[in-house]
$ cat query-v4.csv   # CSV, C-alpha atoms
chain,number,residue,atom,x,y,z
A,965,MET,CA,-14.0,1.4,23.3
A,966,LYS,CA,-15.1,1.7,19.7
A,967,LYS,CA,-12.9,4.8,19.3
A,968,VAL,CA,-9.9,2.9,20.6
A,969,TRP,CA,-10.5,0.0,18.2
A,970,THR,CA,-10.8,2.3,15.2
A,971,ASP,CA,-7.6,4.1,16.1
A,972,LEU,CA,-5.8,0.8,16.7
A,973,LYS,CA,-6.9,-0.5,13.3
A,974,THR,CA,-5.6,2.7,11.7
A,975,LEU,CA,-2.3,2.6,13.6
A,976,ILE,CA,-1.7,-1.1,12.7
A,977,ALA,CA,-2.6,-0.4,9.0
A,978,VAL,CA,-0.1,2.6,8.9
A,979,ILE,CA,2.7,0.7,10.6
A,980,MET,CA,2.3,-2.4,8.5
A,981,THR,CA,2.1,-0.3,5.3
A,982,LEU,CA,5.3,1.5,6.2
A,983,THR,CA,7.0,-1.8,7.0
A,984,VAL,CA,6.1,-3.2,3.6
A,985,VAL,CA,7.4,-0.1,1.9
A,986,ALA,CA,10.6,-0.2,3.9
A,987,LEU,CA,11.1,-3.9,3.1
A,988,LEU,CA,10.7,-3.3,-0.6
A,989,PHE,CA,13.1,-0.3,-0.8
A,990,ILE,CA,15.8,-1.0,1.7
A,991,PRO,CA,19.1,-2.1,0.1
A,992,TYR,CA,19.3,-5.0,2.6
A,993,GLN,CA,18.7,-8.6,1.4
A,994,VAL,CA,15.6,-9.9,3.2
A,995,ASN,CA,15.0,-13.7,3.4
A,996,LYS,CA,12.4,-14.5,0.7
A,997,ASP,CA,10.4,-16.8,3.1
A,998,VAL,CA,10.1,-14.0,5.7
A,999,LEU,CA,9.0,-11.5,3.0
A,1000,MET,CA,6.5,-13.9,1.7
A,1001,LEU,CA,5.1,-14.6,5.1
A,1002,PHE,CA,4.9,-10.9,6.0
A,1003,SER,CA,3.2,-10.1,2.7
A,1004,THR,CA,0.6,-12.8,3.2
A,1005,SER,CA,-0.1,-11.6,6.7
A,1006,TYR,CA,-0.3,-8.0,5.5
A,1007,GLY,CA,-2.9,-8.9,2.9
A,1008,ALA,CA,-5.0,-11.0,5.3
A,1009,ILE,CA,-4.9,-8.3,8.1
A,1010,MET,CA,-5.8,-5.5,5.7
A,1011,THR,CA,-8.6,-7.5,4.2
A,1012,TYR,CA,-10.0,-8.3,7.6
A,1013,PHE,CA,-9.7,-4.7,8.8
A,1014,PHE,CA,-11.4,-3.1,5.8
A,1015,ASN,CA,-14.1,-5.7,5.4
A,1016,THR,CA,-15.4,-5.7,9.0
A,1017,ARG,CA,-18.0,-3.2,10.2
A,1018,GLY,CA,-16.9,-0.7,12.8
A,1019,ASP,CA,-19.9,-1.1,15.0
A,1020,GLN,CA,-19.4,-4.7,16.1

$ encode --input "query-v4.csv" --output "structure tokens"
Amino acid sequence: MKKVWTDLKTLIAVIMTLTVVALLFIPYQVNKDVLMLFSTSYGAIMTYFFNTRGDQ
């Protein structure tokens, strides 16, 4: 179960990072509120993932 959780955290981190990069560089106008909400969520999730111990 620990292995699955570690892989899940990695998968979510990669997907969210690619999404942030895509949102920043696509030539499509994204609603500012949606971008702000996603950026805040991204920061909170990455902070949680990288500040928790893996053996919990």

$ residues_around --input "query-v4.csv" --residues "region 1001-1017 of chain A" --least-positions-apart "5" --cutoff "9 Å" --atoms "only C-alpha atoms" --output "list in words"
Lys973, Thr974, Ala977, Met980, Thr981, Val984 and Lys996 of chain A

$ atom_distance --input "query-v4.csv" --atom1 "CA of Tyr992 (chain A)" --atom2 "CA of Leu972 (chain A)"
29.4 Å

$ atom_distance --input "query-v4.csv" --atom1 "CA of Thr983 (chain A)" --atom2 "CA of Leu999 (chain A)"
10.7 Å
